[in-house]
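Step one of this worksheet: look at the structure below.
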There are 2 protein chains.
Amino acid sequence: MLRLSHLFVRTLRDDPSDAEVASHRLLVRAGYIRRAAPGGYTWLPLGWRVLRKVENIVREEMDAIGAQEVHFPALLPREVYETTGRWTEYGDNLFRLKDRKGADFLLGPTHEEMFTLLVKDLYSSYKDLPVSLYQIQTKYRDEARPRAGLLRGREFLMKDSYSFDLDDEGLAKSYNDHRDAYERIFKRLGLPYVIVKAMSGAMGGSMSEEFLAPIEVGEDTFVRCTACDYAANTEAVTTGALAPDTSEHATSSTLSTPNCPTIASLVEYLNTNAPRSDRAWVAGDTLKNVVLTLRNPDGTTAPLVVGVPGDRDVDIKRIEAQASPAEVEPMEEAEFAQHPGLIRGYIGPQVLGVDSATGVRYLLDPSVVPGSAWVTGANAKDTHVLNLVNGRDFTADGNIEAVEVAGGDPCPNCSKALEIARGIEIGHVFQLGRKYAEKLELKVLDQNGKAQVVTMGSYGIGVSRAVASVAEVFHDDIGLKWPRAISPADVHVVVTGKNGDDLTIAGEKLAKELEAQGLEVILDDRNGVSPGVKFKDAEIMGIPTIVVVGKSLSEGNVEVRERHAGTNTAVAIGDAIAYVVNVVRGN
Amino acid sequence: MLRLSHLFVRTLRDDPSDAEVASHRLLVRAGYIRRAAPGGYTWLPLGWRVLRKVENIVREEMDAIGAQEVHFPALLPREVYETTGRWTEYGDNLFRLKDRKGADFLLGPTHEEMFTLLVKDLYSSYKDLPVSLYQIQTKYRDEARPRAGLLRGREFLMKDSYSFDLDDEGLAKSYNDHRDAYERIFKRLGLPYVIVKAMSGAMGGSMSEEFLAPIEVGEDTFVRCTACDYAANTEAVTTGALAPDTSEHATSSTLSTPNCPTIASLVEYLNTNAPRSDRAWVAGDTLKNVVLTLRNPDGTTAPLVVGVPGDRDVDIKRIEAQASPAEVEPMEEAEFAQHPGLIRGYIGPQVLGVDSATGVRYLLDPSVVPGSAWVTGANAKDTHVLNLVNGRDFTADGNIEAVEVAGGDPCPNCSKALEIARGIEIGHVFQLGRKYAEKLELKVLDQNGKAQVVTMGSYGIGVSRAVASVAEVFHDDIGLKWPRAISPADVHVVVTGKNGDDLTIAGEKLAKELEAQGLEVILDDRNGVSPGVKFKDAEIMGIPTIVVVGKSLSEGNVEVRERHAGTNTAVAIGDAIAYVVNVVRGN
């Protein structure tokens with residue numbers, strides 16, 4: 001029994017000053033976690049119980065698909081990550097350190113390399129496959145902006161697993177086994193989820209899906225089709241094949257456009273000074289060329305210009321997902337000086353491309369289809385060009401998915417409207433393929449005695465992040481509301497009396513009897529704490545069932561409060577045990 | 001059920017080349033662990049099961065004394081450790097790193113500071129005390145010489161707990177509660193232990209005891225009295241108060257002693273050229289002055305000379321325990337040049353001491369009692385001095401316990417003979433006192449509303465080291481022999497048949513029935529593996545009970561092998577379940 005007279009917990013009246021999101025705010029205030037370092041949290045007893053329950057659910061479902069648990073060090077030697085290139089590619093996100101002898105080490109962000117080498121160490125034949133291995137382990141990432149409490153920390157608990165198969169069919173099965181296990185895990189946690197197509201990030205590989213908890217404060221933006229089952233992280237949305245523009249366009253011509261450095265001012269000028277006969281000019285008629293800088297993990301940079309319709313914004317994260325491991329940022333003022341050919345506000349494709357005057361790489365969003373005509377910069381101040389046709393008057397170095405996906409955009413699958421939402425990444429399943437096995441030479445002998453490179457999958461669940469995600473989904477103004485499967489206790493008994501009085505004796509007895517029934521019980525047996533404070537603490541701590549042994553005991557009743565349903569039921573003291581047991585067991 | 005046809009494990013025929021001790025050798029060969037980094041090991045499924053069982057026993061016993069589990073980050077900011085001085089004092093043993101912003105971090109070796117601050121954060125009144133908190137967490141130490149597999153790693157699993165009390169009586173109780181819990185833990189693990197007095201090392205504080213598993217390969221040397229219950233780590237042995245020498249000694253005189261740079265040559269020379277009237281000269285009549293260098297955590301060094309009787313060696317580790325946090329080493333050749341007053345082989349106390357000609361600090365082992373007379377160096381080549389009396393002819397800067405404790409030395413408690421043995425430190429209980437609470441200002445209001453500094457204890461168990469210690473104690477030439485409480489399984493069923501034959505069918509049935517009885521079963525169902533290999537694997541893996549379903553099945557029997565007893569019993573197949581269940585449950 002957890003007695004609040006003894007339990008190491010203190011609730012806080014005020015929000016922590018650095019808390020932006022509800023889960024962070026409430027987990028700190030309810031005494032589940034405390035900040036210990038930037039992006040590092042200490043788990044207090046109540047929080048630790050929740051985390052371990054989540055961990056056990058994950059473990060049970062991994063074991064159920066035959067995955068086997070192992071455990072690697074977090075402090076790993078550089079060499080292995082050097083072989084796969086990740087020592088460099090991870091950039092600033094990797095914690096690096098030297099030991100007393102000056103040897104390089106890192107704190108593991110994920111363990112693809114180590115698992116690959118372990119299987120190589122133990123296994124050598126197709127008969128040994130398939131095998132899936134996992135660990136539940138503390139991971140480290142040097143986040144640029146640790147934020148939102150447990151949602152984006154620098155030290156966090158993760159389940160990472162890896163499958164090893166001889167062929168693509170085997171990988172597809174291992175992938176689906178994990179995907180199914182993840183669905184069961186999130187259902188058991190009570191956590192709503194959407195499975196969306198995902199980018200592979202720094203991992204390489206092919207098929208990849210994310211499990212997102214659809215929550216407004218999430219860092220991921222995803223789209224769902226309103227008609228079919230298409231769903232994708234916006235980074236991973238691919239525009240369907242668009243038909244080229246086959247219409248005839250007039251010859252291109254330059255136009256003096258004084259004081260038109262923005263799309264809006266340009267459109268207004270055109271409608272006034274060079275009106276179209278068929279309709280008014282709109283922003284979507286213009287081609288906007290956005291100048292970016294790619295920053296490679298080794299610190300080198302390269303300029304990139306991306307062309308998108310003038311009515312659309314570029315999505316830096318989406319571009320970054322395709323440019324990975326490079327990071328992408330708008331070109332800084334100072335760097336423009338090195339590219340005198342780029343006239344800000346008037347940049348046009350005529351001077352872009354690796355073989356052009358500027359030599360700057362130029363990529364087009366696929367919505368700028370071949371044959372389409374545009375108003376765009378003429379590479380001279382106060383001058384634009386009309387009817388510049390893609391493929392006729394200019395060419396780019398290639399395409400890149402660049403525009404910010406918006407609600408109402410066509411579904412790549414069925415062309416109906418997409419809707420847009422935000423979510424927290426709670427899981428990721430990923431067909432890695434042979435990238436790591438090739439680099440680390442993980443081969444097994446097949447049925448014919450021939451060495452075959454093994455194909456791999458990698459699968460992650462943020463265990464500590466899942467705790468925060470659940471808190472984000474299940475709370476109200478007054479506190480947390482844990483799903484039963486991971487609540488730190490089944491029932492929270494509040495006694496409003498003082499040491500030794502009838503209420504206290506009755507509350508103690510009730511708590512002991514509930515415990516004897518196999519329930520996990522929190523008993524608020526604090527002496528000298530007012531009923532009001534006890535109620536508030538019970539509410540913020542969020543145990544789903546609260547039993548109040550208070551004034552109504554004189555009428556032979558206790559109160560049973562349900563945090564999820566918001567109900568408050570008077571139950572005769574003699575019936576209370578059976579009633580609460582039924583509620584907790586869901587009967 | 002763990003099927004060896006599927007379990008991620010491979011036994012090795014040969015010892016790993018870097019394995020010096022049995023536990024390392026066998027845990028690797030039996031497929032429990034694999035080396036992943038210098039001093040870092042990966043736990044394979046069988047090893048992971050053992051580790052988690054040890055962890056659970058530790059957890060249960062900590063919970064039983066009312067300690068509450070929390071969990072801190074391993075990656076910690078420098079500031080807190082700076083406040084207590086440990087950022088520097090830990091020297092090279094601390095892993096230090098910088099984050100992307102250049103801020104200093106460390107990987108936690110122990111968490112005194114963090115626990116102190118956490119209690120300060122939550123608690124403020126004497127009513128909140130006592131409280132004991134613990135975590136089971138991965139720790140990091142940059143060992144100079146990681147060795148012996150799990151026995152001395154750089155990343156390891158530890159249970160560390162901390163008690164917080166208002167007064168010394170409270171601390172004594174918390175200390176004893178932990179001490180008792182540790183006894184229960186090691187008894188449950190089946191691990192023999194000796195409780196010895198210990199030094200506090202870099203921790204500060206007072207009363208301190210270690211739990212040592214008495215094992216020859218251990219790094220700790222300890223003494224036990226053959227008569228009373230005194231036991232101490234040799235580092236912590238304190239010489240009892242020795243009576244001064246009150247006899248009259250002749251005036252000191254110098255003697256030319258050509259070619260006598262060693263004690264042995266000196267004694268021989270004396271007996272030939274300056275014989276004693278009462279008896280022969282012995283090494284113990286000479287005073288040996290050993291020149292050392294103290295290396296402080298900040299990199300600075302200081303010379304130190306230690307005087308001991310010529311028949312005794314100095315124990316660097318023992319001196320180091322008293323000089324902590326400085327490290328101690330013999331003075332290097334090159335450094336002697338900076339101290340021309342020190343004539344090697346002929347150093348005498350006349351030129352030693354902070355106020356002397358050389359200014360070099362000089363400390364005496366307590367066995368060099370006041371009033372005792374010595375033959376020692378005369379600070380000139382080929383010259384010694386006779387009858388140099390401590391206190392009459394020279395003084396030192398103080399005492400230091402310096403001689404290597406030897407079997408037969410007198411017990412400080414009862415003066416009977418000590419015996420000497422080696423062991424592995426498996427636990428440490430420690431009355432820290434108020435050092436950390438003072439530095440970090442952890443105070444609570446007492447009954448009178450006055451702020452009192454809290455007094456603390458710290459208590460550690462090496463969880464991963466316990467696994468290796470058990471393996472070190474329980475093995476034989478052919479493999480491991482797990483105690484039942486932490487064995488990865490209860491029973492190991494070996495089937496010597498081939499897929500589909502009678503033996504295999506009978507073995508499968510037996511294994512399933514044992515599992516239905518609640519036993520954890522390993523089934524060796526590998527096809528095409530010879531009975532000899534299966535037997536060897538079962539032996540090295542060390543499950544305490546092995547059931548062989550083999551040839552004797554034709555006579556209606558299976559064989560039950562007991563690894564600990566070394567027995568091999570034929571049991572009728574119909575009785576096998578009941579028999580094995582009884583053996584496993586210890587009936």
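In the structure tokens, chains take letters A, B, ... by order of appearance, with residues numbered from 1 within each chain and ligands from 1 in the order shown.
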Counting only C-alpha atoms, which residues in chain B sit no more than 6 Å from chain A? For each one, give the nearest pair of atoms and the distance in Å, sorted by chain then residue number, as CSV.
residue,atom,partner,partner_atom,distance
B:Gly40,CA,A:Pro73,CA,6.0
B:Thr42,CA,A:Phe72,CA,4.4
B:Trp43,CA,A:His71,CA,4.9
B:Leu44,CA,A:Val70,CA,4.9
B:Pro45,CA,A:Val70,CA,5.2
B:Glu69,CA,A:Pro45,CA,5.6
B:Val70,CA,A:Leu44,CA,4.9
B:His71,CA,A:Trp43,CA,4.9
B:Phe72,CA,A:Thr42,CA,4.4
B:Pro73,CA,A:Gly40,CA,6.0
B:Asp92,CA,A:Arg100,CA,5.9
B:Leu97,CA,A:Leu97,CA,5.2
B:Arg100,CA,A:Asp92,CA,6.0
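The protein and nucleic acid residues lying at most 9 Å from Thr238 of chain A are Thr234, Glu235, Glu401 and Pro412 of chain A, with only C-alpha atoms considered and sequence neighbours fewer than 3 positions away removed.
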**Item:** Contacts of segment 58-65 of chain A within 10 Å, only C-alpha atoms, excl. fewer than 3 positions in-chain, as a ChimeraX atom specification
**Value:** /A:52-55,68-69,132-136,159,161,174,177-178,180-186,188-189,461,463
Expected file: the selected residues, C-alpha atoms, as a short mmCIF file (atom, residue, chain, number, x, y, z; two decimals), in the first residue's frame:
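As a result, part_6.cif now contains:
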data_model
loop_
_atom_site.label_atom_id
_atom_site.label_comp_id
_atom_site.auth_asym_id
_atom_site.auth_seq_id
_atom_site.Cartn_x
_atom_site.Cartn_y
_atom_site.Cartn_z
CA ARG A 52 7.57 0.39 -15.49
CA LYS A 53 4.00 -0.58 -16.34
CA VAL A 54 4.41 0.84 -19.82
CA GLU A 55 7.74 -0.96 -20.11
CA GLN A 68 14.21 -11.82 -27.62
CA GLU A 69 15.43 -9.30 -25.10
CA SER A 132 14.18 -10.44 -33.81
CA LEU A 133 16.04 -8.89 -30.90
CA TYR A 134 15.13 -5.95 -28.73
CA GLN A 135 16.21 -3.94 -25.75
CA ILE A 136 14.52 -1.43 -23.46
CA LYS A 159 12.44 0.09 -26.80
CA SER A 161 14.15 -3.82 -31.83
CA SER A 174 8.87 -9.40 -39.42
CA ASP A 177 4.61 -8.75 -36.80
CA HIS A 178 6.09 -5.65 -35.20
CA ASP A 180 0.72 -5.67 -35.23
CA ALA A 181 2.50 -5.79 -31.87
CA TYR A 182 2.67 -2.00 -31.83
CA GLU A 183 -1.07 -1.77 -32.44
CA ARG A 184 -1.65 -4.12 -29.49
CA ILE A 185 0.75 -2.12 -27.30
CA PHE A 186 -0.92 1.21 -27.97
CA ARG A 188 -3.31 -1.70 -24.14
CA LEU A 189 -1.85 1.67 -23.17
CA ILE A 461 8.86 2.87 -29.24
CA VAL A 463 8.72 4.33 -23.58
#
**Request:** Run DSSP on the backbone and give me the residues of segment 290-526 of chain A it puts in helix (DSSP H, G or I), as a ChimeraX atom specification.
**Result:** /A:316-323,333-336,349-351,435-439,463-473,484-486,502-516
**Message:** Set the distance at 10 Å and use only C-alpha atoms: which residues neighbour Ser256 of chain B once local chain neighbours fewer than 6 positions away are removed? I'd like the list as a PyMOL selection string.
**Reply:** chain B and resi 273+378+380-385
Now that the selection is made, can you save its residues with C-alpha atoms as a CSV table (one decimal), in the first residue's frame?
chain,number,residue,atom,x,y,z
B,273,ASN,CA,81.1,-5.6,10.5
B,378,ALA,CA,72.7,8.7,6.6
B,380,ALA,CA,75.2,10.0,1.8
B,381,LYS,CA,76.2,7.2,-0.5
B,382,ASP,CA,77.6,4.1,1.3
B,383,THR,CA,76.7,5.5,4.7
B,384,HIS,CA,74.1,4.5,7.3
B,385,VAL,CA,73.4,5.6,10.8
